[in-house]
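Undergrad: Below are the structure tokens for one structure; questions will follow.
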Amino acid sequence: MARFLWLVMTNPAEGREREFNRWYDREHVPDMLGIDTVVAVQRFEFVTGAGTAPPRHRYLAVYEVEADDPGETLAALNRARTEPGRMRVSSSLDPDARLWFFRPLGPRVSCDGDAARP
């Protein structure tokens, strides 16, 4: 089984940022962790400054996925969406989201010199 990072860029619907973050943290993250291939998730928010141009999407979720193929995760997500009450979607989510899967090219290396195979 391989490990992938699934990067998902999102924005809240106009004027609904607080509702969006509450839904994402309290409902969506637990729903996603209920998918067998998703083993962890961490959310990030863009920080202005340091001369960087703002991205189109302000929020990033990084999902750690363990599967033979990342398509398994998308298939499991689509199945979950068809189960009543299983995958709750909020209208506070702007539907213009972007997502990508990445596979590691080498081991994870930390500043203390430890290397661990992904």
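Note on naming: chains are A, B, ... as they come in the structure tokens, residues start from 1 per chain, ligands start from 1 in the order shown.
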Would you list the contacts of segment 14-17 of chain A as a compact mmCIF listing (two decimals) with N, CA and C atoms, in the first residue's frame, taking every protein, DNA or RNA residue within 8 Å and counting only C-alpha atoms, but skipping same-chain residues closer than 3 positions in sequence?
TA:
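That gives us result26.txt:
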```txt
# COMPACT_ATOMS: atom_id res chain seq x y z
N PHE A 20 -18.38 28.06 7.67
CA PHE A 20 -17.53 27.17 6.87
C PHE A 20 -16.50 26.47 7.75
N ASN A 21 -15.78 27.24 8.56
CA ASN A 21 -14.75 26.65 9.41
C ASN A 21 -15.33 25.72 10.46
N SER A 92 -22.03 26.46 2.97
CA SER A 92 -21.01 27.46 3.29
C SER A 92 -19.71 27.21 2.53
N ASP A 94 -17.72 27.12 -0.80
CA ASP A 94 -17.73 27.58 -2.19
C ASP A 94 -17.42 26.36 -3.06
```
Undergrad: Pick out each residue of chain A that DSSP on the backbone tags as alpha helix (DSSP H); I need them as a ChimeraX atom specification.
TA: /A:17-23,29-33,71-82
Undergrad: Please, could you write that set of residues out with N, CA and C atoms as an mmCIF file, in the first residue's frame?
TA:
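part.cif written:
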```
data_model
loop_
_atom_site.group_PDB
_atom_site.id
_atom_site.type_symbol
_atom_site.label_atom_id
_atom_site.label_comp_id
_atom_site.auth_asym_id
_atom_site.auth_seq_id
_atom_site.Cartn_x
_atom_site.Cartn_y
_atom_site.Cartn_z
ATOM 1 N N GLU A 17 -17.692 32.582 6.376
ATOM 2 C CA GLU A 17 -16.419 31.997 6.795
ATOM 3 C C GLU A 17 -16.503 31.271 8.142
ATOM 4 N N ARG A 18 -17.139 31.870 9.113
ATOM 5 C CA ARG A 18 -17.239 31.233 10.430
ATOM 6 C C ARG A 18 -18.004 29.908 10.341
ATOM 7 N N GLU A 19 -19.131 29.918 9.636
ATOM 8 C CA GLU A 19 -19.931 28.700 9.443
ATOM 9 C C GLU A 19 -19.122 27.641 8.695
ATOM 10 N N PHE A 20 -18.379 28.064 7.669
ATOM 11 C CA PHE A 20 -17.535 27.174 6.872
ATOM 12 C C PHE A 20 -16.500 26.466 7.750
ATOM 13 N N ASN A 21 -15.782 27.243 8.564
ATOM 14 C CA ASN A 21 -14.746 26.652 9.414
ATOM 15 C C ASN A 21 -15.329 25.718 10.465
ATOM 16 N N ARG A 22 -16.456 26.082 11.016
ATOM 17 C CA ARG A 22 -17.113 25.214 12.000
ATOM 18 C C ARG A 22 -17.522 23.899 11.330
ATOM 19 N N TRP A 23 -18.172 23.991 10.162
ATOM 20 C CA TRP A 23 -18.583 22.783 9.440
ATOM 21 C C TRP A 23 -17.369 21.928 9.081
ATOM 22 N N VAL A 29 -14.201 17.066 8.533
ATOM 23 C CA VAL A 29 -12.993 16.303 8.895
ATOM 24 C C VAL A 29 -13.367 14.941 9.490
ATOM 25 N N PRO A 30 -14.272 14.866 10.471
ATOM 26 C CA PRO A 30 -14.654 13.536 10.968
ATOM 27 C C PRO A 30 -15.267 12.644 9.877
ATOM 28 N N ASP A 31 -16.080 13.227 8.984
ATOM 29 C CA ASP A 31 -16.643 12.441 7.883
ATOM 30 C C ASP A 31 -15.533 11.873 7.004
ATOM 31 N N MET A 32 -14.541 12.690 6.696
ATOM 32 C CA MET A 32 -13.452 12.242 5.836
ATOM 33 C C MET A 32 -12.595 11.177 6.528
ATOM 34 N N LEU A 33 -12.396 11.313 7.825
ATOM 35 C CA LEU A 33 -11.624 10.302 8.552
ATOM 36 C C LEU A 33 -12.375 8.975 8.639
ATOM 37 N N GLY A 71 -7.167 6.888 -6.644
ATOM 38 C CA GLY A 71 -8.535 6.811 -7.147
ATOM 39 C C GLY A 71 -9.455 6.049 -6.211
ATOM 40 N N GLU A 72 -8.886 5.140 -5.397
ATOM 41 C CA GLU A 72 -9.681 4.401 -4.410
ATOM 42 C C GLU A 72 -10.338 5.364 -3.425
ATOM 43 N N THR A 73 -9.615 6.416 -3.061
ATOM 44 C CA THR A 73 -10.144 7.391 -2.117
ATOM 45 C C THR A 73 -11.283 8.178 -2.730
ATOM 46 N N LEU A 74 -11.124 8.583 -3.976
ATOM 47 C CA LEU A 74 -12.213 9.306 -4.649
ATOM 48 C C LEU A 74 -13.440 8.417 -4.799
ATOM 49 N N ALA A 75 -13.227 7.148 -5.120
ATOM 50 C CA ALA A 75 -14.352 6.215 -5.249
ATOM 51 C C ALA A 75 -15.056 6.047 -3.900
ATOM 52 N N ALA A 76 -14.283 5.922 -2.820
ATOM 53 C CA ALA A 76 -14.870 5.779 -1.486
ATOM 54 C C ALA A 76 -15.622 7.045 -1.093
ATOM 55 N N LEU A 77 -15.086 8.204 -1.449
ATOM 56 C CA LEU A 77 -15.762 9.470 -1.168
ATOM 57 C C LEU A 77 -17.086 9.542 -1.920
ATOM 58 N N ASN A 78 -17.079 9.164 -3.175
ATOM 59 C CA ASN A 78 -18.317 9.187 -3.967
ATOM 60 C C ASN A 78 -19.351 8.207 -3.422
ATOM 61 N N ARG A 79 -18.905 7.033 -2.951
ATOM 62 C CA ARG A 79 -19.835 6.089 -2.331
ATOM 63 C C ARG A 79 -20.432 6.682 -1.060
ATOM 64 N N ALA A 80 -19.590 7.327 -0.249
ATOM 65 C CA ALA A 80 -20.063 7.920 1.007
ATOM 66 C C ALA A 80 -21.088 9.018 0.737
ATOM 67 N N ARG A 81 -20.902 9.741 -0.333
ATOM 68 C CA ARG A 81 -21.840 10.819 -0.669
ATOM 69 C C ARG A 81 -23.230 10.303 -0.997
ATOM 70 N N THR A 82 -23.332 9.039 -1.398
ATOM 71 C CA THR A 82 -24.639 8.473 -1.747
ATOM 72 C C THR A 82 -25.363 7.889 -0.541
#
```
Undergrad: Report, in Å with one decimal, the straight-line distance from atom CA of His57 of chain A to atom CA of Ala2 of chain A.
TA: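 Between atom CA of His57 of chain A and atom CA of Ala2 of chain A the gap is 27.9 Å.
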Undergrad: Based on the backbone DSSP call, show me all residues of segment 29-116 of chain A assigned strand (DSSP E), as a list in words.
TA: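 Written out, the strand (DSSP E) residues of segment 29-116 of chain A are Val38, Val39, Ala40, Val41, Gln42, Arg43, Phe44, Glu45, Tyr59, Leu60, Ala61, Val62, Tyr63, Glu64, Val65, Glu66, Ala67, Arg98, Leu99, Trp100, Phe101, Phe102, Arg108, Val109, Ala115 and Ala116 of chain A.
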Undergrad: Nearest to Val89 of chain A among A:Ala13, A:His28, A:Trp6, A:Ser110, with distances taken over only C-alpha atoms: which residue is it?
TA: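 Under the stated criterion, the closest residue is A:His28.
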Undergrad: So what do you get for atom CA of Met9 of chain A versus atom CA of Glu64 of chain A, distance-wise?
TA: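 Separation between atom CA of Met9 of chain A and atom CA of Glu64 of chain A: 14.7 Å.
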Undergrad: Do you have the atom CA of Leu7 of chain A-atom CA of Pro84 of chain A distance handy?
TA: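 Atom-to-atom, atom CA of Leu7 of chain A to atom CA of Pro84 of chain A, that is 25.9 Å.
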Undergrad: Given the choices A:Arg98, A:Arg3, A:Arg108, A:Arg86, which gets closest to Val39 of chain A if the distance is worked out from only C-alpha atoms?
TA: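 Of the candidates, the smallest distance to Val39 of chain A is held by A:Arg3.
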